[in-house]
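For reference, work.cif (mmCIF, C-alpha atoms):
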data_query
loop_
_atom_site.label_atom_id
_atom_site.label_comp_id
_atom_site.auth_asym_id
_atom_site.auth_seq_id
_atom_site.Cartn_x
_atom_site.Cartn_y
_atom_site.Cartn_z
CA MET X 1 13.71 -35.46 -25.31
CA LEU X 2 12.73 -32.76 -22.84
CA LYS X 3 14.36 -34.48 -19.86
CA GLN X 4 17.83 -34.05 -21.35
CA HIS X 5 17.54 -30.29 -20.70
CA PRO X 6 17.79 -28.54 -17.32
CA ILE X 7 14.97 -26.75 -15.54
CA ALA X 8 15.42 -22.99 -15.81
CA ILE X 9 14.94 -20.85 -12.70
CA LEU X 10 14.54 -17.14 -13.37
CA GLY X 11 15.68 -15.08 -10.39
CA ALA X 12 18.09 -15.87 -7.55
CA GLY X 13 16.15 -14.40 -4.65
CA PRO X 14 14.86 -16.38 -1.65
CA VAL X 15 12.14 -18.24 -3.56
CA GLY X 16 14.23 -18.91 -6.66
CA LEU X 17 17.06 -20.35 -4.56
CA ALA X 18 14.52 -22.37 -2.58
CA ALA X 19 13.43 -23.96 -5.86
CA ALA X 20 17.10 -24.68 -6.61
CA ALA X 21 17.48 -26.35 -3.21
CA HIS X 22 14.49 -28.62 -3.80
CA LEU X 23 15.71 -29.49 -7.31
CA SER X 24 19.13 -30.27 -5.87
CA GLU X 25 17.66 -32.64 -3.29
CA ARG X 26 15.80 -34.45 -6.07
CA GLU X 27 18.95 -34.51 -8.22
CA LEU X 28 17.26 -32.72 -11.10
CA PRO X 29 19.53 -30.55 -13.29
CA PHE X 30 18.80 -26.82 -13.33
CA VAL X 31 20.21 -23.46 -14.35
CA ILE X 32 19.54 -20.16 -12.55
CA PHE X 33 19.51 -16.83 -14.38
CA GLU X 34 19.85 -13.72 -12.20
CA GLN X 35 19.73 -10.23 -13.67
CA GLY X 36 21.76 -8.68 -10.84
CA PRO X 37 25.45 -9.03 -9.99
CA THR X 38 24.72 -11.04 -6.82
CA VAL X 39 22.06 -13.34 -5.47
CA GLY X 40 19.29 -11.45 -3.70
CA ALA X 41 20.05 -8.36 -5.78
CA SER X 42 16.57 -6.91 -5.32
CA ILE X 43 16.74 -7.44 -1.56
CA ARG X 44 20.02 -5.52 -1.55
CA ARG X 45 17.99 -2.50 -2.67
CA TRP X 46 16.22 -2.51 0.69
CA GLY X 47 19.04 -4.14 2.64
CA HIS X 48 18.91 -1.46 5.34
CA VAL X 49 15.36 -2.42 6.32
CA ARG X 50 14.90 -4.74 9.30
CA LEU X 51 12.17 -7.31 8.87
CA PHE X 52 9.40 -7.58 11.42
CA SER X 53 9.39 -11.37 11.14
CA PRO X 54 12.15 -13.50 12.71
CA TRP X 55 14.75 -15.65 10.98
CA ARG X 56 12.81 -18.86 11.57
CA THR X 57 10.08 -17.79 9.14
CA ASN X 58 12.40 -16.53 6.42
CA MET X 59 14.34 -19.67 5.47
CA ASP X 60 13.30 -22.60 3.30
CA ARG X 61 13.55 -26.06 4.85
CA ALA X 62 15.30 -27.75 1.92
CA ALA X 63 17.79 -24.89 1.78
CA GLN X 64 18.52 -25.29 5.49
CA ARG X 65 19.07 -29.03 5.08
CA LEU X 66 21.63 -28.47 2.32
CA LEU X 67 23.40 -25.73 4.26
CA LYS X 68 23.58 -27.63 7.56
CA ALA X 69 25.02 -30.65 5.78
CA GLN X 70 27.99 -28.42 4.90
CA GLY X 71 28.50 -27.12 8.42
CA TRP X 72 26.52 -23.88 8.14
CA ARG X 73 25.35 -22.42 11.42
CA SER X 74 21.85 -21.01 11.33
CA PRO X 75 21.28 -17.47 12.63
CA ASP X 76 19.33 -17.10 15.86
CA PRO X 77 15.83 -18.18 14.77
CA ALA X 78 14.23 -15.60 17.08
CA ALA X 79 16.30 -12.65 15.83
CA TYR X 80 15.01 -10.14 13.29
CA PRO X 81 17.28 -9.84 10.21
CA THR X 82 17.77 -6.93 7.87
CA GLY X 83 17.47 -7.45 4.15
CA ALA X 84 21.26 -7.33 3.85
CA GLU X 85 21.62 -10.02 6.53
CA ILE X 86 19.19 -12.26 4.64
CA VAL X 87 21.50 -12.00 1.63
CA ASP X 88 24.83 -12.23 3.48
CA ASP X 89 24.01 -14.88 6.08
CA TYR X 90 21.56 -17.10 4.16
CA LEU X 91 21.30 -16.58 0.39
CA THR X 92 25.01 -16.11 -0.30
CA PRO X 93 26.14 -19.27 1.57
CA LEU X 94 23.31 -21.17 -0.13
CA SER X 95 24.37 -19.99 -3.57
CA ARG X 96 27.98 -21.10 -2.93
CA LEU X 97 27.11 -24.73 -2.26
CA GLY X 98 28.66 -27.15 -4.71
CA SER X 99 25.21 -28.36 -5.73
CA ILE X 100 24.05 -24.83 -6.70
CA GLU X 101 26.95 -22.52 -7.59
CA PRO X 102 27.92 -24.22 -10.90
CA SER X 103 24.36 -23.68 -12.15
CA LEU X 104 24.17 -19.98 -11.23
CA ARG X 105 24.43 -17.36 -13.97
CA LEU X 106 24.73 -13.83 -12.54
CA ASP X 107 24.36 -10.66 -14.63
CA HIS X 108 22.13 -12.54 -17.07
CA ASN X 109 18.99 -10.62 -18.00
CA VAL X 110 16.19 -12.79 -19.38
CA VAL X 111 14.67 -10.96 -22.34
CA GLY X 112 12.46 -13.69 -23.75
CA VAL X 113 10.99 -17.14 -23.14
CA THR X 114 9.33 -19.20 -25.86
CA ARG X 115 9.08 -22.75 -27.26
CA LEU X 116 11.70 -24.03 -29.67
CA GLY X 117 10.60 -23.55 -33.25
CA VAL X 118 7.09 -22.21 -32.60
CA ASP X 119 5.52 -18.95 -31.52
CA LYS X 120 2.56 -18.48 -29.19
CA LEU X 121 0.01 -19.17 -31.92
CA ARG X 122 1.15 -22.60 -33.08
CA ASP X 123 0.49 -26.03 -31.55
CA ASP X 124 2.82 -28.35 -33.53
CA ASP X 125 3.72 -30.75 -30.69
CA ARG X 126 4.12 -27.73 -28.42
CA THR X 127 4.42 -29.62 -25.14
CA GLY X 128 7.11 -31.85 -26.62
CA ARG X 129 9.36 -28.92 -27.48
CA PRO X 130 11.85 -27.44 -25.00
CA PHE X 131 11.62 -23.86 -23.82
CA VAL X 132 14.12 -21.36 -25.18
CA ILE X 133 15.46 -18.84 -22.64
CA THR X 134 17.04 -15.83 -24.33
CA THR X 135 19.43 -13.90 -22.11
CA GLU X 136 21.66 -10.86 -22.43
CA SER X 137 24.97 -10.60 -20.56
CA ALA X 138 28.42 -9.11 -21.01
CA ALA X 139 29.20 -12.04 -23.28
CA GLY X 140 26.30 -11.14 -25.57
CA VAL X 141 22.95 -12.74 -26.37
CA ALA X 142 22.57 -16.46 -25.63
CA ARG X 143 19.81 -19.04 -25.99
CA THR X 144 19.41 -21.86 -23.47
CA LEU X 145 17.07 -24.83 -23.87
CA ALA X 146 15.07 -25.92 -20.81
CA ARG X 147 12.57 -28.67 -20.08
CA ALA X 148 10.59 -26.39 -17.74
CA VAL X 149 10.66 -22.82 -16.44
CA ILE X 150 10.20 -21.55 -12.87
CA ASP X 151 9.77 -17.78 -12.89
CA ALA X 152 10.81 -16.31 -9.52
CA THR X 153 11.72 -12.85 -10.81
CA GLY X 154 9.48 -11.11 -8.30
CA THR X 155 8.03 -7.62 -8.70
CA TRP X 156 10.52 -5.28 -6.98
CA LEU X 157 11.91 -3.83 -10.21
CA THR X 158 8.46 -2.83 -11.51
CA PRO X 159 6.90 -0.49 -8.92
CA ASN X 160 3.49 1.04 -9.31
CA PRO X 161 3.45 4.68 -10.40
CA LEU X 162 2.63 7.75 -8.36
CA GLY X 163 -0.65 8.18 -10.21
CA ALA X 164 -3.69 6.81 -8.39
CA GLU X 165 -5.26 5.09 -11.40
CA GLY X 166 -2.49 2.63 -12.18
CA MET X 167 -0.97 4.92 -14.79
CA PRO X 168 1.75 7.53 -14.22
CA ALA X 169 0.37 10.88 -13.12
CA VAL X 170 0.55 13.71 -15.62
CA GLY X 171 4.04 15.17 -15.27
CA GLU X 172 5.41 12.21 -13.31
CA GLY X 173 8.05 11.52 -15.93
CA THR X 174 9.15 15.16 -16.03
CA ALA X 175 9.71 15.09 -12.27
CA ALA X 176 11.58 11.75 -12.36
CA GLU X 177 14.78 13.18 -10.87
CA ARG X 178 12.89 14.11 -7.70
CA ILE X 179 11.04 10.77 -7.33
CA VAL X 180 12.32 7.54 -5.75
CA TYR X 181 10.23 4.36 -5.81
CA GLY X 182 10.46 1.89 -2.92
CA ILE X 183 12.35 2.34 0.37
CA PRO X 184 15.41 4.60 0.15
CA ASP X 185 18.11 4.39 2.83
CA VAL X 186 17.16 7.67 4.47
CA LEU X 187 19.48 7.31 7.46
CA GLY X 188 22.39 5.85 5.51
CA ALA X 189 23.45 6.04 1.89
CA ASP X 190 20.66 8.48 0.93
CA ARG X 191 20.93 10.78 3.97
CA ASP X 192 22.27 13.77 2.03
CA ARG X 193 19.44 13.57 -0.44
CA TYR X 194 16.75 14.00 2.21
CA ALA X 195 18.35 15.92 5.08
CA GLY X 196 16.96 19.44 5.35
CA ARG X 197 14.53 18.85 2.48
CA ARG X 198 10.76 18.97 2.05
CA VAL X 199 9.81 15.33 1.49
CA ALA X 200 6.50 13.72 0.55
CA VAL X 201 5.91 10.01 1.12
CA VAL X 202 3.05 8.61 -0.97
CA GLY X 203 1.52 5.28 0.04
CA SER X 204 -0.22 3.70 3.03
CA GLY X 205 1.57 0.38 3.50
CA HIS X 206 4.47 -0.73 5.63
CA SER X 207 7.07 0.63 3.23
CA ALA X 208 5.60 4.11 3.51
CA LYS X 209 5.39 3.89 7.30
CA HIS X 210 9.00 2.79 7.45
CA ALA X 211 10.01 5.78 5.33
CA ILE X 212 8.20 8.36 7.44
CA ARG X 213 9.61 6.88 10.63
CA GLU X 214 13.18 7.15 9.33
CA LEU X 215 12.56 10.64 7.93
CA SER X 216 11.28 11.74 11.34
CA MET X 217 14.51 10.46 12.90
CA LEU X 218 16.48 12.37 10.28
CA ALA X 219 14.46 15.50 11.10
CA GLU X 220 15.74 15.34 14.70
CA GLU X 221 19.25 15.91 13.35
CA ALA X 222 18.42 18.11 10.37
CA ALA X 223 15.77 20.49 11.66
CA ASP X 224 14.77 21.77 8.23
CA THR X 225 13.58 18.33 7.15
CA VAL X 226 9.80 18.51 6.62
CA VAL X 227 7.81 15.30 6.16
CA THR X 228 4.37 14.98 4.57
CA TRP X 229 2.58 11.63 4.34
CA ILE X 230 0.06 11.34 1.49
CA VAL X 231 -2.42 8.45 1.41
CA ARG X 232 -5.31 7.62 -0.89
CA ARG X 233 -7.47 6.32 1.92
CA GLY X 234 -10.03 8.58 3.52
CA ALA X 235 -9.65 9.91 7.06
CA ASN X 236 -12.30 7.47 8.30
CA GLU X 237 -10.42 4.44 6.95
CA LYS X 238 -7.77 2.43 8.80
CA VAL X 239 -4.75 4.52 7.82
CA PHE X 240 -2.39 3.32 10.56
CA GLY X 241 -3.27 -0.38 10.45
CA ASN X 242 -3.04 -2.54 13.56
CA GLU X 243 -1.11 -0.67 16.25
CA VAL X 244 -0.99 -3.69 18.56
CA ASP X 245 0.07 -7.01 17.05
CA THR X 246 0.67 -9.84 19.50
CA ARG X 247 2.07 -12.16 16.81
CA LEU X 248 4.44 -9.63 15.24
CA PRO X 249 5.03 -6.81 17.73
CA GLU X 250 7.40 -4.89 15.43
CA ARG X 251 4.72 -4.72 12.75
CA GLY X 252 2.26 -3.27 15.23
CA LYS X 253 4.88 -0.79 16.43
CA LEU X 254 5.28 0.49 12.87
CA GLY X 255 1.61 1.51 12.80
CA ALA X 256 1.73 2.91 16.34
CA ASP X 257 4.80 4.99 15.51
CA ALA X 258 3.13 6.39 12.40
CA HIS X 259 0.09 7.38 14.48
CA ARG X 260 2.28 9.06 17.10
CA LEU X 261 4.28 11.01 14.52
CA VAL X 262 1.10 12.35 12.95
CA ALA X 263 -0.48 13.12 16.32
CA ASP X 264 2.48 15.13 17.60
CA GLY X 265 2.83 17.08 14.36
CA THR X 266 6.18 15.62 13.30
CA VAL X 267 4.55 14.29 10.14
CA ARG X 268 1.76 16.05 8.28
CA LEU X 269 -0.90 13.62 7.01
CA GLU X 270 -2.96 14.20 3.85
CA THR X 271 -5.79 11.66 3.50
CA GLY X 272 -8.06 10.90 0.56
CA PHE X 273 -5.43 12.35 -1.78
CA ARG X 274 -5.28 10.61 -5.17
CA VAL X 275 -2.46 12.06 -7.23
CA GLU X 276 -3.52 13.03 -10.75
CA ARG X 277 -0.85 15.54 -11.73
CA VAL X 278 2.72 16.46 -10.81
CA ASP X 279 3.66 20.10 -11.44
CA SER X 280 7.39 20.88 -11.49
CA GLY X 281 8.66 24.40 -10.95
CA GLU X 282 11.54 26.44 -9.58
CA THR X 283 10.19 26.16 -6.03
CA GLY X 284 9.81 22.38 -6.18
CA VAL X 285 7.20 19.77 -7.07
CA VAL X 286 3.50 20.21 -6.35
CA LEU X 287 1.13 17.25 -6.29
CA VAL X 288 -2.43 17.82 -7.51
CA SER X 289 -5.29 15.48 -6.65
CA ALA X 290 -8.22 14.49 -8.81
CA ASP X 291 -10.50 16.85 -6.83
CA GLY X 292 -8.14 19.82 -7.31
CA ARG X 293 -6.37 19.77 -3.94
CA THR X 294 -2.66 20.55 -3.89
CA ALA X 295 0.21 19.42 -1.69
CA GLY X 296 3.69 20.87 -1.70
CA PRO X 297 5.94 22.20 -2.99
CA PHE X 298 8.34 19.33 -2.24
CA ASP X 299 12.01 18.81 -2.94
CA GLU X 300 11.76 15.02 -2.95
CA ILE X 301 9.02 12.41 -3.31
CA ILE X 302 9.19 8.81 -2.07
CA THR X 303 6.62 6.65 -3.84
CA SER X 304 5.62 3.48 -1.96
CA THR X 305 2.45 2.56 -3.84
CA GLY X 306 3.08 -1.14 -4.37
CA LEU X 307 4.50 -3.33 -7.10
CA ARG X 308 3.38 -5.14 -10.22
CA PRO X 309 4.70 -8.10 -12.29
CA ASP X 310 6.51 -7.83 -15.61
CA PHE X 311 5.13 -10.18 -18.26
CA GLY X 312 6.82 -8.53 -21.23
CA PHE X 313 9.49 -11.20 -21.69
CA LEU X 314 6.83 -13.92 -21.45
CA ARG X 315 4.81 -12.60 -24.37
CA GLU X 316 5.27 -15.77 -26.46
CA LEU X 317 3.99 -18.13 -23.75
CA ARG X 318 0.39 -19.19 -23.30
CA LEU X 319 -0.49 -17.65 -19.96
CA ASP X 320 -3.97 -17.54 -18.47
CA LEU X 321 -3.98 -14.51 -16.19
CA ASP X 322 -6.80 -13.23 -14.05
CA PRO X 323 -7.87 -9.88 -15.58
CA TRP X 324 -7.37 -7.81 -12.45
CA VAL X 325 -5.19 -9.70 -9.96
CA GLU X 326 -2.82 -10.85 -12.76
CA SER X 327 -2.17 -14.21 -11.12
CA THR X 328 -3.41 -17.51 -12.56
CA ARG X 329 -7.20 -17.69 -12.69
CA ASP X 330 -7.30 -20.52 -10.17
CA LEU X 331 -5.17 -18.62 -7.68
CA ALA X 332 -6.87 -15.24 -8.04
CA PRO X 333 -9.95 -15.88 -5.84
CA LEU X 334 -7.69 -17.24 -3.10
CA ILE X 335 -5.51 -14.12 -2.89
CA ASP X 336 -7.78 -11.26 -4.00
CA PRO X 337 -6.82 -8.44 -1.58
CA ASN X 338 -10.39 -7.12 -1.72
CA VAL X 339 -11.39 -10.30 0.11
CA HIS X 340 -8.33 -11.85 1.73
CA SER X 341 -5.74 -10.77 4.27
CA CYS X 342 -2.22 -12.15 4.46
CA GLY X 343 -3.17 -15.04 6.70
CA SER X 344 -6.55 -15.93 5.23
CA VAL X 345 -5.00 -17.06 1.93
CA PRO X 346 -5.20 -20.87 1.89
CA PRO X 347 -2.05 -22.87 1.14
CA HIS X 348 -1.67 -23.73 -2.52
CA GLY X 349 0.79 -25.28 -4.93
CA ALA X 350 1.43 -26.50 -8.45
CA ALA X 351 -2.22 -27.13 -9.28
CA GLU X 352 -3.26 -23.52 -8.66
CA LEU X 353 -0.11 -22.14 -10.30
CA ALA X 354 -0.41 -24.05 -13.58
CA HIS X 355 -0.80 -22.18 -16.88
CA PRO X 356 -1.94 -23.51 -20.27
CA GLU X 357 1.78 -23.49 -21.14
CA GLU X 358 2.68 -26.85 -19.65
CA GLY X 359 5.92 -26.76 -17.69
CA PHE X 360 5.83 -23.04 -16.91
CA TYR X 361 5.22 -21.81 -13.36
CA ALA X 362 5.54 -18.42 -11.68
CA ILE X 363 6.21 -18.63 -7.94
CA GLY X 364 6.76 -16.15 -5.13
CA ALA X 365 5.72 -12.51 -5.54
CA LYS X 366 5.44 -12.91 -9.32
CA SER X 367 2.75 -15.57 -8.86
CA TYR X 368 0.55 -13.15 -6.88
CA GLY X 369 0.43 -10.57 -9.67
CA ARG X 370 -0.68 -7.28 -8.15
CA ALA X 371 -1.89 -8.78 -4.87
CA PRO X 372 0.40 -7.62 -2.01
CA ASN X 373 -0.49 -10.34 0.50
CA LEU X 374 2.26 -12.92 -0.10
CA LEU X 375 3.94 -14.70 2.79
CA LEU X 376 7.55 -15.68 2.15
CA ALA X 377 6.74 -19.08 3.64
CA THR X 378 4.00 -19.43 1.03
CA GLY X 379 6.56 -18.83 -1.70
CA TYR X 380 8.71 -21.62 -0.26
CA GLU X 381 5.73 -23.98 -0.23
CA GLN X 382 5.03 -23.07 -3.85
CA ALA X 383 8.63 -23.93 -4.75
CA ARG X 384 8.41 -27.31 -2.99
CA SER X 385 5.12 -28.23 -4.68
CA VAL X 386 6.18 -27.12 -8.17
CA VAL X 387 9.48 -29.00 -7.98
CA ALA X 388 7.64 -32.12 -6.82
CA LYS X 389 5.30 -31.79 -9.80
CA LEU X 390 8.20 -31.42 -12.23
CA ALA X 391 9.84 -34.47 -10.65
CA GLY X 392 6.71 -36.51 -11.29
CA ASP X 393 5.90 -36.81 -7.59
CA HIS X 394 2.25 -35.90 -7.93
CA GLU X 395 1.33 -37.00 -4.41
CA SER X 396 3.87 -34.65 -2.85
CA ALA X 397 2.91 -31.83 -5.24
CA ALA X 398 -0.71 -32.05 -4.10
CA ARG X 399 0.10 -32.37 -0.41
CA VAL X 400 -0.04 -29.26 1.78
CA GLU X 401 3.02 -28.96 4.01
CA LEU X 402 2.34 -25.49 5.36
CA VAL X 403 -0.08 -24.20 7.99
CA LEU X 404 -0.62 -20.48 7.54
CA PRO X 405 -1.46 -18.09 10.37
CA ALA X 406 -4.68 -16.17 10.15
CA SER X 407 -4.37 -12.41 10.25
CA THR X 408 -6.00 -10.36 12.97
CA GLY X 409 -6.76 -7.56 10.60
CA ALA X 410 -3.32 -6.50 9.44
CA CYS X 411 -4.52 -6.21 5.89
CA GLY X 412 -7.92 -4.87 6.75
CA VAL X 413 -9.74 -8.23 6.97
CA LYS X 414 -10.75 -9.80 10.27
CA THR X 415 -10.11 -13.56 10.52
CA GLU X 416 -9.75 -16.10 13.28
CA PRO X 417 -6.26 -16.68 14.68
CA ALA X 418 -4.38 -19.85 13.79
CA PRO X 419 -1.03 -21.40 14.75
CA VAL X 420 1.91 -19.18 13.96
CA GLU X 421 3.90 -21.52 11.71
CA ALA X 422 4.59 -18.94 9.03
CA GLU X 423 4.91 -15.21 9.53
CA LEU X 424 5.35 -12.19 7.35
CA ALA X 425 8.42 -10.92 5.60
CA THR X 426 8.28 -7.14 5.73
CA SER X 427 8.68 -6.77 1.99
CA ALA X 428 6.19 -9.45 1.14
CA CYS X 429 2.83 -8.83 2.73
CA CYS X 430 0.49 -5.88 2.85
CA GLY X 431 3.31 -3.59 1.78
#

Hey, can you dump this file as structure tokens for me?
Amino acid sequence: MLKQHPIAILGAGPVGLAAAAHLSERELPFVIFEQGPTVGASIRRWGHVRLFSPWRTNMDRAAQRLLKAQGWRSPDPAAYPTGAEIVDDYLTPLSRLGSIEPSLRLDHNVVGVTRLGVDKLRDDDRTGRPFVITTESAAGVARTLARAVIDATGTWLTPNPLGAEGMPAVGEGTAAERIVYGIPDVLGADRDRYAGRRVAVVGSGHSAKHAIRELSMLAEEAADTVVTWIVRRGANEKVFGNEVDTRLPERGKLGADAHRLVADGTVRLETGFRVERVDSGETGVVLVSADGRTAGPFDEIITSTGLRPDFGFLRELRLDLDPWVESTRDLAPLIDPNVHSCGSVPPHGAAELAHPEEGFYAIGAKSYGRAPNLLLATGYEQARSVVAKLAGDHESAARVELVLPASTGACGVKTEPAPVEAELATSACCG
């Protein structure tokens, strides 16, 4: 019977561990597979970044209940944590609880998920068969049977390319040694790489703005550091975003700082620049746009062009993905970034996250596909609803226990304000 097997959670980040907390409260057996050597391994990659949302919006309620029962003291709910503090002060203590730690498998890379004894094509009592989770670790390849699968692997490890059309630009691979994707630690571990160098930052979201702000600070110490900011948006579009944000002042300050740095000449801004080709030479790397414009040469390129989900290891599951958002079809119209901002996405749960493969759910950033407008609080609500569904508590699964704030244009869409009961994690929304 399926119920004799645990529920498999893929990924031990905030949303994956939130699912574990809810499963623990319902006394449902589970196993967590994490590719990295620690919980929150992907967050560690941007651990130097301080969030512009406070602690109170970045912790799951079930997780807090479990932690407080063991004497854990919550961080100041009004303080703004860094990524590293999220891992050290919240995720790590959570993962060490007696109800979670025995079920945690670190350094286990999930390479495949299927149904026992059948491939994607066959029915053959499909819903009555357990899932098979194939993992690779130092001990070798292993297969684990599971009654259900919660995929919380996120999107951080699969960044979008430098090329503007969703595919790598011509020559992008050749220049790989000069390109970093995401948010490097410019003022810390990566200082020597960027100090005194000609650096291009490609992207228009918060990650890119964070990078140019830190590079400008580095330039004050290393005078030869030259910063160029390259965005695909035209000059008449809202490049800097909201520069005044009454709900999240630090988010507004990020846009205001970017505007100031461009205005005073610290950062050179190239707008309407869609990278088509990367030319590498002895003098550095030159970026070429689709209309023949050039930028550079540069010594280093920071690419902050967004993220995308990895479905490769789910090939043998019956997924019904929206053709462009790459979420479930029911969720896609609710999160389409062409229509919705971070706060105008309505709360949703197990019903909208369901696939034809019964018992499989993607939650958190993975559930949003290519849409960048996820709230961390929304991921926690997804975890609560999905766990309730798997527990057979259909009433709780269908109930909405989250009131989302409406955005005031942070993602380019004007909506009416609403109560601030969930706010943005810097890595999660509009990035």

Just the residues within 12 Å of Ala189 of chain X, please, counting all atoms listed in the file, with nothing from its chain fewer than 6 positions along; format it as a CSV table (one decimal) with C-alpha atoms, in the coordinates of the input.
chain,number,residue,atom,x,y,z
X,45,ARG,CA,18.0,-2.5,-2.7
X,46,TRP,CA,16.2,-2.5,0.7
X,47,GLY,CA,19.0,-4.1,2.6
X,48,HIS,CA,18.9,-1.5,5.3
X,183,ILE,CA,12.4,2.3,0.4
X,195,ALA,CA,18.4,15.9,5.1

Point-to-point distance from atom CA of Ala84 of chain X to atom CA of Arg44 of chain X, Å rounded to tenths: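 Distance reported for this atom pair: 5.8 Å.
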
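Counting from atom CA of Val149 of chain X, the distance to atom CA of Val31 of chain X is 9.8 Å.
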
Shell around segment 304-313 of chain X at 10 Å using all atoms listed in the file, local window under 2 positions removed, as an MDAnalysis selection string: chainID X and resid 110:114 133:134 153:164 166 180:183 201:209 211 231:232 301:302 315:317 319 325:327 365:372 430:431

Deliver the residues from the most recent selection as a file, using C-alpha atoms, as a short mmCIF file (atom, residue, chain, number, x, y, z; two decimals), keeping the file's coordinate frame.
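Written out: result-v3.cif:
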data_model
loop_
_atom_site.label_atom_id
_atom_site.label_comp_id
_atom_site.auth_asym_id
_atom_site.auth_seq_id
_atom_site.Cartn_x
_atom_site.Cartn_y
_atom_site.Cartn_z
CA VAL X 110 16.19 -12.79 -19.38
CA VAL X 111 14.67 -10.96 -22.34
CA GLY X 112 12.46 -13.69 -23.75
CA VAL X 113 10.99 -17.14 -23.14
CA THR X 114 9.33 -19.20 -25.86
CA ILE X 133 15.46 -18.84 -22.64
CA THR X 134 17.04 -15.83 -24.33
CA THR X 153 11.72 -12.85 -10.81
CA GLY X 154 9.48 -11.11 -8.30
CA THR X 155 8.03 -7.62 -8.70
CA TRP X 156 10.52 -5.28 -6.98
CA LEU X 157 11.91 -3.83 -10.21
CA THR X 158 8.46 -2.83 -11.51
CA PRO X 159 6.90 -0.49 -8.92
CA ASN X 160 3.49 1.04 -9.31
CA PRO X 161 3.45 4.68 -10.40
CA LEU X 162 2.63 7.75 -8.36
CA GLY X 163 -0.65 8.18 -10.21
CA ALA X 164 -3.69 6.81 -8.39
CA GLY X 166 -2.49 2.63 -12.18
CA VAL X 180 12.32 7.54 -5.75
CA TYR X 181 10.23 4.36 -5.81
CA GLY X 182 10.46 1.89 -2.92
CA ILE X 183 12.35 2.34 0.37
CA VAL X 201 5.91 10.01 1.12
CA VAL X 202 3.05 8.61 -0.97
CA GLY X 203 1.52 5.28 0.04
CA SER X 204 -0.22 3.70 3.03
CA GLY X 205 1.57 0.38 3.50
CA HIS X 206 4.47 -0.73 5.63
CA SER X 207 7.07 0.63 3.23
CA ALA X 208 5.60 4.11 3.51
CA LYS X 209 5.39 3.89 7.30
CA ALA X 211 10.01 5.78 5.33
CA VAL X 231 -2.42 8.45 1.41
CA ARG X 232 -5.31 7.62 -0.89
CA ILE X 301 9.02 12.41 -3.31
CA ILE X 302 9.19 8.81 -2.07
CA ARG X 315 4.81 -12.60 -24.37
CA GLU X 316 5.27 -15.77 -26.46
CA LEU X 317 3.99 -18.13 -23.75
CA LEU X 319 -0.49 -17.65 -19.96
CA VAL X 325 -5.19 -9.70 -9.96
CA GLU X 326 -2.82 -10.85 -12.76
CA SER X 327 -2.17 -14.21 -11.12
CA ALA X 365 5.72 -12.51 -5.54
CA LYS X 366 5.44 -12.91 -9.32
CA SER X 367 2.75 -15.57 -8.86
CA TYR X 368 0.55 -13.15 -6.88
CA GLY X 369 0.43 -10.57 -9.67
CA ARG X 370 -0.68 -7.28 -8.15
CA ALA X 371 -1.89 -8.78 -4.87
CA PRO X 372 0.40 -7.62 -2.01
CA CYS X 430 0.49 -5.88 2.85
CA GLY X 431 3.31 -3.59 1.78
#

Length of the atom CA of Gly265 of chain X to atom CA of Thr82 of chain X vector [Å]: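 Between atom CA of Gly265 of chain X and atom CA of Thr82 of chain X the gap works out to 29.0 Å.
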
Answer key for the PyMOL selection byres ((chain X and resi 27) around 12), residues as a PyMOL selection string: chain X and resi 6-7+20-26+28-30+99-100+387-388+390-391

Grab the residues selected above and save them as a short mmCIF file (atom, residue, chain, number, x, y, z; two decimals), in the frame of the given file with C-alpha atoms.
data_model
loop_
_atom_site.label_atom_id
_atom_site.label_comp_id
_atom_site.auth_asym_id
_atom_site.auth_seq_id
_atom_site.Cartn_x
_atom_site.Cartn_y
_atom_site.Cartn_z
CA PRO X 6 17.79 -28.54 -17.32
CA ILE X 7 14.97 -26.75 -15.54
CA ALA X 20 17.10 -24.68 -6.61
CA ALA X 21 17.48 -26.35 -3.21
CA HIS X 22 14.49 -28.62 -3.80
CA LEU X 23 15.71 -29.49 -7.31
CA SER X 24 19.13 -30.27 -5.87
CA GLU X 25 17.66 -32.64 -3.29
CA ARG X 26 15.80 -34.45 -6.07
CA LEU X 28 17.26 -32.72 -11.10
CA PRO X 29 19.53 -30.55 -13.29
CA PHE X 30 18.80 -26.82 -13.33
CA SER X 99 25.21 -28.36 -5.73
CA ILE X 100 24.05 -24.83 -6.70
CA VAL X 387 9.48 -29.00 -7.98
CA ALA X 388 7.64 -32.12 -6.82
CA LEU X 390 8.20 -31.42 -12.23
CA ALA X 391 9.84 -34.47 -10.65
#

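When all atoms listed in the file are used to measure the gap to Gly234 of chain X, the shortest distance among X:Arg274, X:Arg384, X:His210, X:Arg197 belongs to X:Arg274.
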
Residue IDs satisfying the PyMOL selection byres ((chain X and resi 380) around 9), as a PyMOL selection string: chain X and resi 14-16+18-19+59-61+363-364+375-379+381-385

For Arg251 of chain X, the nearest of the candidates X:Asp299, X:Arg50, X:Ile179, X:Leu66, counting only C-alpha atoms: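 Closest to Arg251 of chain X, using only C-alpha atoms: X:Arg50.
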
Output of the PyMOL selection byres ((chain X and resi 193) around 12), listed as JSON, numbers by chain: {"X": [177, 178, 179, 180, 184, 185, 186, 187, 188, 189, 190, 191, 192, 194, 195, 196, 197, 198, 199, 215, 218, 222, 225, 299, 300, 301, 302]}

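When all atoms listed in the file are used to compute distances to Ala200 of chain X, the closest of the residues X:Ser396, X:Thr294, X:Gln4, X:Thr303 turns out to be X:Thr303.
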
Expected residue set, 8 Å radius at (10.1, 12.6, 9.4), only C-alpha atoms, as an MDAnalysis selection string: chainID X and resid 211:219 225:228 261 266:267
